[in-house]
file coords39.cif (mmCIF, C-alpha atoms)
data_structure
#
loop_
_atom_site.label_atom_id
_atom_site.label_comp_id
_atom_site.auth_asym_id
_atom_site.auth_seq_id
_atom_site.Cartn_x
_atom_site.Cartn_y
_atom_site.Cartn_z
CA MET A 9 6.72 3.71 29.32
CA HIS A 10 3.04 2.87 28.80
CA ASP A 11 2.10 6.41 29.86
CA VAL A 12 3.91 7.77 26.80
CA LEU A 13 1.83 5.50 24.57
CA ARG A 14 -1.37 6.52 26.37
CA LYS A 15 -0.55 10.21 25.87
CA PHE A 16 0.24 9.51 22.23
CA ILE A 17 -3.12 7.76 21.64
CA ASN A 18 -5.01 10.61 23.33
CA GLU A 19 -3.16 13.21 21.26
CA ILE A 20 -3.71 11.46 17.94
CA THR A 21 -7.40 10.70 18.53
CA THR A 22 -8.01 14.00 20.38
CA GLY A 23 -9.87 11.92 22.97
CA ILE A 24 -9.29 10.50 26.42
CA ILE A 25 -8.94 6.75 26.59
CA ALA A 26 -10.73 5.16 29.55
CA ASP A 27 -8.82 3.12 32.16
CA ASP A 28 -10.73 -0.07 31.42
CA GLU A 29 -9.98 0.31 27.71
CA PHE A 30 -6.30 1.18 28.19
CA VAL A 31 -5.78 -1.94 30.28
CA HIS A 32 -6.04 -4.06 27.10
CA ILE A 33 -3.34 -1.95 25.45
CA GLU A 34 -1.12 -2.10 28.52
CA LYS A 35 -1.38 -5.90 28.53
CA GLY A 36 -0.63 -6.15 24.82
CA PHE A 37 2.57 -4.06 24.78
CA PHE A 38 5.73 -5.02 26.65
CA PRO A 39 8.78 -2.80 27.18
CA LYS A 40 12.11 -3.54 25.55
CA LEU A 41 15.44 -1.73 25.95
CA MET A 42 17.85 -1.88 23.03
CA LYS A 43 21.47 -0.85 22.87
CA ARG A 44 22.86 0.97 19.84
CA ARG A 45 23.65 -1.49 17.02
CA GLN A 46 21.35 -4.22 18.35
CA PHE A 47 18.89 -5.69 15.84
CA LEU A 48 15.11 -5.87 16.19
CA LEU A 49 14.77 -7.72 12.86
CA HIS A 50 17.13 -9.60 10.55
CA GLU A 51 16.55 -10.05 6.82
CA GLY A 52 15.12 -13.52 6.11
CA ALA A 53 13.39 -13.84 9.49
CA VAL A 54 9.65 -13.37 9.98
CA CYS A 55 9.05 -10.04 11.75
CA LYS A 56 7.58 -10.79 15.18
CA TYR A 57 6.98 -7.32 16.55
CA MET A 58 5.57 -3.92 15.88
CA ALA A 59 7.48 -1.34 17.93
CA PHE A 60 6.43 2.03 19.31
CA VAL A 61 9.52 4.16 19.85
CA VAL A 62 9.43 5.82 23.29
CA LYS A 63 13.06 7.00 23.06
CA GLY A 64 15.93 6.64 20.61
CA ALA A 65 16.17 6.00 16.88
CA LEU A 66 16.15 2.95 14.60
CA ARG A 67 16.46 2.42 10.88
CA GLN A 68 14.81 -0.09 8.57
CA TYR A 69 16.88 -1.05 5.54
CA SER A 70 17.44 -3.66 2.86
CA ILE A 71 20.69 -4.76 1.26
CA ASP A 72 20.61 -5.36 -2.50
CA GLU A 73 22.52 -8.00 -4.48
CA ARG A 74 25.31 -5.51 -5.07
CA GLY A 75 25.77 -5.08 -1.33
CA ASN A 76 24.30 -1.57 -1.13
CA GLU A 77 22.16 -0.51 1.84
CA HIS A 78 18.80 1.15 1.16
CA ILE A 79 17.11 2.82 4.14
CA VAL A 80 13.31 2.84 3.75
CA HIS A 81 12.42 4.25 7.18
CA PHE A 82 13.82 6.02 10.23
CA GLY A 83 11.87 5.43 13.46
CA ILE A 84 12.28 8.13 16.13
CA GLU A 85 10.32 9.09 19.28
CA GLY A 86 6.58 8.76 18.70
CA CYS A 87 7.05 6.65 15.55
CA TRP A 88 6.11 3.05 14.84
CA ILE A 89 8.48 0.64 13.16
CA THR A 90 7.89 -2.86 11.77
CA ASP A 91 7.85 -4.81 8.51
CA ARG A 92 4.08 -5.01 8.21
CA GLU A 93 4.11 -7.38 5.22
CA SER A 94 6.25 -9.87 7.15
CA LEU A 95 4.38 -9.37 10.45
CA LEU A 96 0.86 -9.75 9.06
CA MET A 97 1.50 -12.30 6.30
CA LEU A 98 4.23 -14.26 8.10
CA ARG A 99 6.61 -13.79 5.14
CA PRO A 100 10.40 -13.73 5.56
CA SER A 101 11.41 -10.08 5.73
CA LYS A 102 13.49 -8.25 3.13
CA TYR A 103 14.54 -5.80 5.84
CA ASN A 104 16.84 -5.33 8.77
CA ILE A 105 15.85 -3.08 11.66
CA ASP A 106 18.62 -1.93 14.00
CA ALA A 107 19.07 0.68 16.70
CA LEU A 108 21.04 3.81 15.77
CA GLU A 109 20.92 5.00 19.39
CA ASP A 110 20.06 3.31 22.71
CA CYS A 111 16.30 2.80 22.55
CA GLU A 112 13.26 2.36 24.78
CA LEU A 113 10.53 0.54 22.90
CA LEU A 114 7.08 -0.87 23.49
CA LEU A 115 6.58 -4.06 21.48
CA THR A 116 3.46 -5.92 20.47
CA THR A 117 2.88 -9.07 18.41
CA LYS A 118 0.51 -9.79 15.50
CA GLU A 119 -1.88 -11.69 17.82
CA GLN A 120 -1.89 -8.98 20.50
CA LEU A 121 -2.37 -6.30 17.89
CA SER A 122 -5.43 -8.05 16.52
CA LEU A 123 -6.83 -8.45 20.05
CA ILE A 124 -6.20 -4.81 20.97
CA THR A 125 -7.78 -3.59 17.73
CA ASP A 126 -10.89 -5.65 18.52
CA LEU A 127 -11.10 -4.53 22.17
CA SER A 128 -10.18 -0.86 21.95
CA LEU A 129 -12.06 1.45 19.62
CA GLN A 130 -9.66 4.29 20.47
CA PHE A 131 -6.71 2.15 19.38
CA LEU A 132 -8.49 1.30 16.12
CA LYS A 133 -9.20 5.00 15.56
CA MET A 134 -5.59 5.89 16.29
CA SER A 135 -4.42 3.23 13.81
CA HIS A 136 -6.76 4.63 11.18
CA ILE A 137 -5.50 8.20 11.64
CA LEU A 138 -1.85 7.11 11.66
CA ASP A 139 -2.29 4.95 8.57
CA SER A 140 -3.82 7.89 6.84
CA GLN A 141 -0.84 10.08 7.78
CA HIS A 142 1.61 7.35 6.69
CA SER A 143 -0.19 6.97 3.42
CA ILE A 144 0.25 10.71 2.76
CA SER A 145 3.90 10.57 3.71
CA PHE A 146 4.54 7.47 1.54
CA GLN A 147 2.79 9.10 -1.40
CA ASN A 148 4.93 12.22 -1.03
CA ARG A 149 8.04 10.08 -0.93
CA ILE A 150 7.05 8.18 -4.08
CA GLN A 151 6.28 11.43 -5.84
CA ALA A 152 9.64 12.85 -4.74
CA SER A 153 11.52 9.77 -5.92
CA LEU A 154 9.79 9.92 -9.33
CA SER A 155 9.88 13.61 -10.07
CA TYR A 156 12.45 15.45 -7.95
CA THR A 157 16.00 16.25 -8.95
CA ALA A 158 18.71 15.24 -6.45
CA GLU A 159 18.84 18.82 -5.14
CA GLU A 160 15.05 18.95 -4.73
CA LYS A 161 15.16 15.64 -2.80
CA VAL A 162 17.69 17.03 -0.31
CA MET A 163 15.72 20.29 0.05
CA ASP A 164 12.47 18.38 0.60
CA LEU A 165 14.02 16.24 3.33
CA MET A 166 15.44 19.36 4.98
CA ILE A 167 11.97 20.93 5.09
CA ARG A 168 10.06 17.84 6.23
CA TYR A 169 12.55 16.35 8.68
CA PRO A 170 15.15 18.98 9.64
CA SER A 171 16.14 17.05 12.79
CA PHE A 172 17.44 14.16 10.68
CA PHE A 173 20.36 16.33 9.57
CA ASN A 174 21.71 16.67 13.11
CA ARG A 175 20.85 13.15 14.14
CA PHE A 176 21.92 10.80 11.35
CA PRO A 177 25.16 10.51 9.34
CA GLN A 178 25.20 11.92 5.82
CA SER A 179 25.73 8.46 4.34
CA MET A 180 22.42 7.29 5.84
CA LEU A 181 20.51 10.34 4.64
CA ALA A 182 21.96 9.72 1.16
CA SER A 183 20.77 6.09 1.32
CA TYR A 184 17.30 7.19 2.49
CA LEU A 185 17.02 9.50 -0.55
CA GLY A 186 18.47 6.99 -3.02
CA LEU A 187 21.47 9.22 -3.73
CA SER A 188 25.18 8.37 -3.68
CA PRO A 189 27.06 9.74 -0.63
CA GLU A 190 29.15 11.87 -3.01
CA THR A 191 26.10 13.45 -4.66
CA PHE A 192 24.47 14.08 -1.27
CA SER A 193 27.64 15.69 0.11
CA ARG A 194 28.10 17.88 -2.98
CA ILE A 195 24.49 19.12 -2.81
CA ARG A 196 24.65 19.72 0.93
CA LYS A 197 27.77 21.87 0.48
CA LYS A 198 26.12 23.77 -2.36
CA LEU A 199 23.02 24.46 -0.24
CA LEU A 200 25.21 25.49 2.71
CA THR A 201 26.94 28.11 0.58
CA LYS A 202 23.44 29.39 -0.28
CA GLN A 203 23.13 29.87 3.52
CA TYR A 204 20.36 27.36 4.10
CA ALA A 205 20.49 26.35 7.74
CA PHE A 206 21.35 22.69 8.30
CA MET B 5 -23.39 0.40 -7.77
CA HIS B 6 -23.65 0.45 -3.97
CA ASP B 7 -23.98 -3.35 -3.99
CA VAL B 8 -20.43 -3.61 -5.37
CA LEU B 9 -19.17 -1.50 -2.47
CA ARG B 10 -21.15 -3.60 0.02
CA LYS B 11 -19.66 -6.82 -1.39
CA PHE B 12 -16.20 -5.24 -1.27
CA ILE B 13 -16.58 -4.25 2.43
CA ASN B 14 -17.81 -7.75 3.34
CA GLU B 15 -14.93 -9.39 1.47
CA ILE B 16 -12.25 -7.20 3.01
CA THR B 17 -13.56 -7.47 6.57
CA THR B 18 -14.66 -11.14 6.13
CA GLY B 19 -17.92 -10.10 7.82
CA ILE B 20 -21.48 -9.28 6.83
CA ILE B 21 -22.47 -5.66 7.21
CA ALA B 22 -25.97 -5.16 8.63
CA ASP B 23 -28.63 -3.27 6.66
CA ASP B 24 -28.98 -0.53 9.30
CA GLU B 25 -25.22 -0.01 9.25
CA PHE B 26 -24.91 -0.04 5.45
CA VAL B 27 -27.58 2.63 5.14
CA HIS B 28 -25.07 5.21 6.47
CA ILE B 29 -22.57 4.18 3.79
CA GLU B 30 -25.20 4.25 1.06
CA LYS B 31 -26.17 7.78 2.07
CA GLY B 32 -22.54 8.92 2.16
CA PHE B 33 -21.50 7.74 -1.31
CA PHE B 34 -23.06 9.04 -4.54
CA PRO B 35 -22.58 7.54 -8.01
CA LYS B 36 -20.68 9.37 -10.73
CA LEU B 37 -20.12 8.36 -14.36
CA MET B 38 -16.97 9.66 -16.04
CA LYS B 39 -16.02 9.59 -19.70
CA ARG B 40 -12.46 8.80 -20.76
CA ARG B 41 -10.22 11.89 -20.47
CA GLN B 42 -12.49 13.66 -17.96
CA PHE B 43 -10.83 14.94 -14.82
CA LEU B 44 -11.76 14.14 -11.22
CA LEU B 45 -9.07 16.47 -9.85
CA HIS B 46 -6.94 19.28 -11.27
CA GLU B 47 -3.56 20.32 -9.86
CA GLY B 48 -3.92 23.40 -7.65
CA ALA B 49 -7.51 22.62 -6.61
CA VAL B 50 -8.43 21.18 -3.22
CA CYS B 51 -9.43 17.54 -3.68
CA LYS B 52 -13.15 17.22 -2.83
CA TYR B 53 -13.73 13.50 -3.22
CA MET B 54 -12.48 10.05 -2.41
CA ALA B 55 -13.54 7.67 -5.17
CA PHE B 56 -14.23 3.95 -5.10
CA VAL B 57 -13.76 2.55 -8.60
CA VAL B 58 -16.69 0.28 -9.54
CA LYS B 59 -15.64 0.07 -13.21
CA GLY B 60 -12.90 1.59 -15.39
CA ALA B 61 -9.46 2.99 -14.74
CA LEU B 62 -8.00 6.32 -13.64
CA ARG B 63 -4.52 7.65 -13.08
CA GLN B 64 -3.14 10.09 -10.52
CA TYR B 65 -0.15 12.09 -11.71
CA SER B 66 1.90 15.21 -11.18
CA ILE B 67 3.67 17.37 -13.74
CA ASP B 68 7.12 18.65 -12.80
CA GLU B 69 8.70 22.00 -13.66
CA ARG B 70 10.29 20.43 -16.71
CA GLY B 71 6.86 19.39 -18.02
CA ASN B 72 7.27 15.67 -17.35
CA GLU B 73 4.35 13.57 -16.11
CA HIS B 74 4.87 11.30 -13.09
CA ILE B 75 2.15 8.73 -12.42
CA VAL B 76 1.94 7.87 -8.71
CA HIS B 77 -1.15 5.64 -8.82
CA PHE B 78 -3.45 3.71 -11.14
CA GLY B 79 -6.99 3.15 -9.80
CA ILE B 80 -8.83 0.18 -11.30
CA GLU B 81 -11.93 -1.83 -10.24
CA GLY B 82 -12.03 -2.30 -6.46
CA CYS B 83 -9.43 0.44 -5.85
CA TRP B 84 -9.75 3.77 -4.11
CA ILE B 85 -8.35 6.97 -5.55
CA THR B 86 -7.93 10.41 -4.00
CA ASP B 87 -5.28 12.88 -2.90
CA ARG B 88 -5.61 12.24 0.80
CA GLU B 89 -3.30 15.09 1.85
CA SER B 90 -5.41 17.58 -0.09
CA LEU B 91 -8.75 16.02 0.91
CA LEU B 92 -8.05 15.80 4.65
CA MET B 93 -5.91 18.92 5.11
CA LEU B 94 -7.67 21.08 2.53
CA ARG B 95 -4.37 21.81 0.76
CA PRO B 96 -4.15 22.58 -2.96
CA SER B 97 -3.30 19.31 -4.70
CA LYS B 98 -0.06 18.57 -6.54
CA TYR B 99 -1.92 15.98 -8.59
CA ASN B 100 -4.27 15.52 -11.48
CA ILE B 101 -6.66 12.56 -11.58
CA ASP B 102 -8.20 11.68 -14.94
CA ALA B 103 -10.11 8.77 -16.44
CA LEU B 104 -8.17 6.45 -18.76
CA GLU B 105 -11.38 4.58 -19.61
CA ASP B 106 -15.10 5.33 -19.14
CA CYS B 107 -15.64 4.93 -15.39
CA GLU B 108 -18.34 4.19 -12.84
CA LEU B 109 -17.38 5.63 -9.47
CA LEU B 110 -18.82 6.04 -6.01
CA LEU B 111 -17.73 9.34 -4.48
CA THR B 112 -17.67 10.56 -0.91
CA THR B 113 -16.55 13.82 0.68
CA LYS B 114 -14.31 14.52 3.68
CA GLU B 115 -17.35 15.29 5.88
CA GLN B 116 -19.27 12.18 4.80
CA LEU B 117 -16.18 10.02 5.26
CA SER B 118 -15.77 11.24 8.82
CA LEU B 119 -19.46 10.59 9.52
CA ILE B 120 -19.39 7.08 8.01
CA THR B 121 -16.24 6.19 9.94
CA ASP B 122 -17.97 7.25 13.17
CA LEU B 123 -21.24 5.43 12.41
CA SER B 124 -20.01 2.19 10.84
CA LEU B 125 -17.52 0.00 12.66
CA GLN B 126 -17.29 -2.29 9.62
CA PHE B 127 -16.29 0.67 7.45
CA LEU B 128 -13.67 1.68 10.00
CA LYS B 129 -12.34 -1.89 10.06
CA MET B 130 -12.26 -2.01 6.26
CA SER B 131 -10.34 1.28 6.17
CA HIS B 132 -7.86 -0.09 8.69
CA ILE B 133 -7.25 -3.27 6.66
CA LEU B 134 -6.96 -1.37 3.37
CA ASP B 135 -4.59 1.18 4.87
CA SER B 136 -2.46 -1.66 6.09
CA GLN B 137 -2.38 -3.19 2.61
CA HIS B 138 -1.61 0.19 1.03
CA SER B 139 1.16 0.76 3.49
CA ILE B 140 2.77 -2.57 2.48
CA SER B 141 2.36 -1.76 -1.20
CA PHE B 142 3.82 1.78 -0.77
CA GLN B 143 6.75 0.39 1.21
CA ASN B 144 7.48 -2.12 -1.55
CA ARG B 145 7.34 0.63 -4.12
CA ILE B 146 9.75 2.82 -2.16
CA GLN B 147 12.11 -0.11 -1.70
CA ALA B 148 11.92 -0.88 -5.44
CA SER B 149 12.59 2.74 -6.37
CA LEU B 150 15.61 2.87 -4.05
CA SER B 151 17.24 -0.46 -4.73
CA TYR B 152 16.04 -2.03 -7.98
CA THR B 153 17.74 -1.73 -11.36
CA ALA B 154 15.51 -0.61 -14.25
CA GLU B 155 15.13 -4.26 -15.36
CA GLU B 156 14.17 -5.36 -11.84
CA LYS B 157 11.56 -2.57 -11.68
CA VAL B 158 9.88 -3.78 -14.89
CA MET B 159 10.02 -7.43 -13.74
CA ASP B 160 8.54 -6.51 -10.35
CA LEU B 161 5.63 -4.63 -11.95
CA MET B 162 5.02 -7.59 -14.27
CA ILE B 163 4.76 -9.93 -11.28
CA ARG B 164 2.64 -7.66 -9.08
CA TYR B 165 0.30 -6.14 -11.67
CA PRO B 166 0.41 -8.21 -14.88
CA SER B 167 -2.93 -6.78 -16.08
CA PHE B 168 -1.39 -3.27 -16.30
CA PHE B 169 0.65 -4.40 -19.33
CA ASN B 170 -2.47 -5.09 -21.41
CA ARG B 171 -4.42 -2.16 -20.07
CA PHE B 172 -2.14 0.87 -20.07
CA PRO B 173 0.23 2.33 -22.70
CA GLN B 174 3.94 1.68 -22.31
CA SER B 175 4.63 5.39 -21.84
CA MET B 176 2.39 5.40 -18.73
CA LEU B 177 3.99 2.29 -17.26
CA ALA B 178 7.40 3.90 -17.82
CA SER B 179 6.20 7.04 -16.00
CA TYR B 180 4.81 4.93 -13.12
CA LEU B 181 8.21 3.27 -12.71
CA GLY B 182 10.21 6.49 -13.08
CA LEU B 183 11.89 5.24 -16.27
CA SER B 184 12.21 6.92 -19.66
CA PRO B 185 9.90 5.46 -22.34
CA GLU B 186 13.01 4.41 -24.29
CA THR B 187 14.51 2.49 -21.34
CA PHE B 188 11.16 0.83 -20.60
CA SER B 189 10.70 -0.21 -24.24
CA ARG B 190 14.26 -1.59 -24.49
CA ILE B 191 13.84 -3.66 -21.31
CA ARG B 192 10.42 -4.93 -22.35
CA LYS B 193 11.84 -6.13 -25.68
CA LYS B 194 14.77 -7.78 -23.89
CA LEU B 195 12.41 -9.59 -21.49
CA LEU B 196 10.18 -10.65 -24.41
CA THR B 197 13.13 -12.29 -26.13
CA LYS B 198 13.74 -14.15 -22.86
CA GLN B 199 10.17 -15.47 -23.39
CA TYR B 200 8.61 -13.86 -20.37
CA ALA B 201 4.87 -13.65 -20.98
CA PHE B 202 3.62 -10.06 -21.30
#
call {"tool": "encode", "arguments": {"input": "coords39.cif", "output": "structure tokens"}}
result
Amino acid sequence: MHDVLRKFINEITTGIIADDEFVHIEKGFFPKLMKRRQFLLHEGAVCKYMAFVVKGALRQYSIDERGNEHIVHFGIEGCWITDRESLLMLRPSKYNIDALEDCELLLTTKEQLSLITDLSLQFLKMSHILDSQHSISFQNRIQASLSYTAEEKVMDLMIRYPSFFNRFPQSMLASYLGLSPETFSRIRKKLLTKQYAF
Amino acid sequence: MHDVLRKFINEITTGIIADDEFVHIEKGFFPKLMKRRQFLLHEGAVCKYMAFVVKGALRQYSIDERGNEHIVHFGIEGCWITDRESLLMLRPSKYNIDALEDCELLLTTKEQLSLITDLSLQFLKMSHILDSQHSISFQNRIQASLSYTAEEKVMDLMIRYPSFFNRFPQSMLASYLGLSPETFSRIRKKLLTKQYAF
């Protein structure tokens, strides 16, 4: 599994990480297999791990006082998933993270992460590039949530993450967009009749 | 002005940046004074600068097809403001950035930023820590937009950024939260009668 992470780091940084540098990363990440429906994090617990998804899919979600689920993130192959606020500041998490499919993960802890970042410049560079990409993606999502109509939100998701539509149930995509399942379903049907390819 | 940036880098990284390292940062950032209502970025243009706010306040906003303004970010002292997607990928921006008060800024370009990040490990570390903090703040904002009621959104903003309520007009705070000015005003009055301190 570590080879996938190594390839990922090289791709993101457009460099080649040396063996003696990668050894620190290899030591700091341990493999974990998860079955569908298993939890990596429960609301109220302090998040212990940051996960690199080698295979499978997970979701990160909160449940509000009215019992509604709100999905803030889907983690698929090549993605990272964690509650960073909880992990870094040792605060009880507002989120649950569970596996939507059987998963192969590489996990690291706060302490290991700090060590790796100090010892591997390539890892630090990768983190910087990824954070930059995440920041762009978060900003787009905030802009979409503020200014898009429901139909524009569905269209935007279709353009940015078309694979989500084959991979996740409609109810989850609705939750991710902050729409009711009924509204999502109605819009999807409407777009289908316009012959957009889902 | 560069001293403020130096102090900021030292505080964030809890280190002391050496003179021969800071010289690269000093070279890469140039000062810029902006008057209230001047623009740093216009929608449709490629964003040329990343700004560190030494003094003053700016807002970053988009205008939708219906003519409504949506504020995605306020930049005040010690904040950074840019459209990263446009800056890094040279795409036309969806945003405007204008000064809400007279401002003192330090600006850098994409090329300078890349050079500084290569030459200064402290700057790279600072970027990594800030990106991490931004990521937490973005995640909270997405969660709030998905799961909070209008009243919870106003309360949350009051707790996280109390100074915004004295500094920015109600209409802008409403736009930042994705609420209509009328809803924002009604909730604010309701919270005032509950004797919350605005």
call {"tool": "resolve_selection", "arguments": {"input": "coords39.cif", "expression": "the PyMOL selection byres ((chain A) within 9 of (chain B))", "output": "PyMOL selection string"}}
result
chain A and resi 69-72+76-80+91-93+129+132-133+135-136+139-147+149-151+153-156+183-187
call {"tool": "atom_distance", "arguments": {"input": "coords39.cif", "atom1": "atom CA of A:Ser101", "atom2": "atom CA of A:Arg67"}}
result
14.4 Å
call {"tool": "atom_distance", "arguments": {"input": "coords39.cif", "atom1": "atom CA of B:Glu105", "atom2": "atom CA of B:Gly60"}}
result
5.4 Å
call {"tool": "closest_residue", "arguments": {"input": "coords39.cif", "among": "A:Cys111, A:Leu123, A:Met97, A:Ile33", "to": "A:Val61", "atoms": "only C-alpha atoms"}}
result
A:Cys111
call {"tool": "resolve_selection", "arguments": {"input": "coords39.cif", "expression": "the PyMOL selection byres ((chain A and resi 41) around 7)", "output": "list in words"}}
result
Pro39, Lys40, Met42, Lys43, Cys111, Glu112 and Leu113 of chain A
call {"tool": "residues_around", "arguments": {"input": "coords39.cif", "residues": "stretch 166-169 of chain B", "least_positions_apart": "3", "cutoff": "12 Å", "atoms": "only C-alpha atoms", "output": "PDB file with C-alpha atoms, in the frame of the given file"}}
result
ATOM      1  CA  ALA B  61      -9.460   2.990 -14.740  1.00  0.00           C
ATOM      2  CA  LEU B  62      -8.000   6.320 -13.640  1.00  0.00           C
ATOM      3  CA  ARG B  63      -4.520   7.650 -13.080  1.00  0.00           C
ATOM      4  CA  HIS B  77      -1.150   5.640  -8.820  1.00  0.00           C
ATOM      5  CA  PHE B  78      -3.450   3.710 -11.140  1.00  0.00           C
ATOM      6  CA  GLY B  79      -6.990   3.150  -9.800  1.00  0.00           C
ATOM      7  CA  ILE B  80      -8.830   0.180 -11.300  1.00  0.00           C
ATOM      8  CA  GLU B  81     -11.930  -1.830 -10.240  1.00  0.00           C
ATOM      9  CA  VAL B 158       9.880  -3.780 -14.890  1.00  0.00           C
ATOM     10  CA  MET B 159      10.020  -7.430 -13.740  1.00  0.00           C
ATOM     11  CA  ASP B 160       8.540  -6.510 -10.350  1.00  0.00           C
ATOM     12  CA  LEU B 161       5.630  -4.630 -11.950  1.00  0.00           C
ATOM     13  CA  MET B 162       5.020  -7.590 -14.270  1.00  0.00           C
ATOM     14  CA  ILE B 163       4.760  -9.930 -11.280  1.00  0.00           C
ATOM     15  CA  PHE B 172      -2.140   0.870 -20.070  1.00  0.00           C
ATOM     16  CA  PRO B 173       0.230   2.330 -22.700  1.00  0.00           C
ATOM     17  CA  GLN B 174       3.940   1.680 -22.310  1.00  0.00           C
ATOM     18  CA  SER B 175       4.630   5.390 -21.840  1.00  0.00           C
ATOM     19  CA  MET B 176       2.390   5.400 -18.730  1.00  0.00           C
ATOM     20  CA  LEU B 177       3.990   2.290 -17.260  1.00  0.00           C
ATOM     21  CA  ALA B 178       7.400   3.900 -17.820  1.00  0.00           C
ATOM     22  CA  TYR B 180       4.810   4.930 -13.120  1.00  0.00           C
ATOM     23  CA  PHE B 188      11.160   0.830 -20.600  1.00  0.00           C
ATOM     24  CA  SER B 189      10.700  -0.210 -24.240  1.00  0.00           C
ATOM     25  CA  ARG B 192      10.420  -4.930 -22.350  1.00  0.00           C
ATOM     26  CA  TYR B 200       8.610 -13.860 -20.370  1.00  0.00           C
ATOM     27  CA  ALA B 201       4.870 -13.650 -20.980  1.00  0.00           C
ATOM     28  CA  PHE B 202       3.620 -10.060 -21.300  1.00  0.00           C
TER      29      PHE B 202
END
call {"tool": "atom_distance", "arguments": {"input": "coords39.cif", "atom1": "atom CA of A:Gly86", "atom2": "atom CA of A:Phe60"}}
result
6.8 Å
call {"tool": "resolve_selection", "arguments": {"input": "coords39.cif", "expression": "the PyMOL selection byres ((chain B and resi 53) around 6)", "output": "list in words"}}
result
Cys51, Lys52, Met54, Leu111, Thr112 and Thr113 of chain B
call {"tool": "axis_aligned_box", "arguments": {"input": "coords39.cif", "around": "stretch 115-122 of chain B", "padding_each_side": "4 Å", "output": "lines of an AutoDock Vina configuration file"}}
result
center_x = -17.6
center_y = 10.7
center_z = 9.0
size_x = 11.7
size_y = 17.1
size_z = 16.4
call {"tool": "residues_around", "arguments": {"input": "coords39.cif", "residues": "A:Val12", "least_positions_apart": "4", "cutoff": "9 Å", "atoms": "only C-alpha atoms", "output": "list in words"}}
result
Phe16, Ile17, Val62 and Gly86 of chain A
call {"tool": "residues_near_point", "arguments": {"input": "coords39.cif", "point": "(16.6, -2.2, 12.1)", "cutoff": "9 Å", "atoms": "only C-alpha atoms", "output": "list in words"}}
result
Arg45, Gln46, Phe47, Leu48, Leu49, His50, Leu66, Arg67, Gln68, Tyr69, Phe82, Ile89, Thr90, Tyr103, Asn104, Ile105, Asp106, Ala107 and Leu108 of chain A
call {"tool": "closest_residue", "arguments": {"input": "coords39.cif", "among": "B:Phe33, B:Arg10, B:Arg95, B:Glu25", "to": "B:Glu47", "atoms": "all atoms listed in the file"}}
result
B:Arg95
call {"tool": "residues_near_point", "arguments": {"input": "coords39.cif", "point": "(-24.3, -0.1, 6.7)", "cutoff": "10 Å", "atoms": "all atoms listed in the file", "output": "PyMOL selection string"}}
result
chain B and resi 10+13+20-31+120+123-127
call {"tool": "build_atoms", "arguments": {"input": "coords39.cif", "residues": "stretch 31-42 of chain B", "atoms": "N, CA and C atoms", "output": "compact mmCIF listing (two decimals), in the coordinates of the input"}}
result
# COMPACT_ATOMS: atom_id res chain seq x y z
N LYS B 31 -25.87 6.34 2.06
CA LYS B 31 -26.17 7.78 2.07
C LYS B 31 -24.93 8.62 1.77
N GLY B 32 -23.78 8.11 2.23
CA GLY B 32 -22.54 8.92 2.16
C GLY B 32 -21.80 8.83 0.84
N PHE B 33 -22.16 7.88 0.00
CA PHE B 33 -21.50 7.74 -1.31
C PHE B 33 -22.51 7.99 -2.43
N PHE B 34 -22.15 8.84 -3.40
CA PHE B 34 -23.06 9.04 -4.54
C PHE B 34 -22.37 8.60 -5.84
N PRO B 35 -23.17 8.05 -6.78
CA PRO B 35 -22.58 7.54 -8.01
C PRO B 35 -22.17 8.65 -8.97
N LYS B 36 -21.15 8.38 -9.74
CA LYS B 36 -20.68 9.37 -10.73
C LYS B 36 -20.14 8.59 -11.94
N LEU B 37 -20.63 8.96 -13.13
CA LEU B 37 -20.12 8.36 -14.36
C LEU B 37 -19.11 9.32 -14.98
N MET B 38 -17.98 8.80 -15.40
CA MET B 38 -16.97 9.66 -16.04
C MET B 38 -16.61 9.10 -17.40
N LYS B 39 -16.47 9.99 -18.36
CA LYS B 39 -16.02 9.59 -19.70
C LYS B 39 -14.49 9.63 -19.71
N ARG B 40 -13.91 8.80 -20.58
CA ARG B 40 -12.46 8.80 -20.76
C ARG B 40 -11.97 10.24 -20.99
N ARG B 41 -10.87 10.57 -20.37
CA ARG B 41 -10.22 11.89 -20.47
C ARG B 41 -10.85 12.97 -19.60
N GLN B 42 -11.95 12.67 -18.91
CA GLN B 42 -12.49 13.66 -17.96
C GLN B 42 -11.64 13.66 -16.69
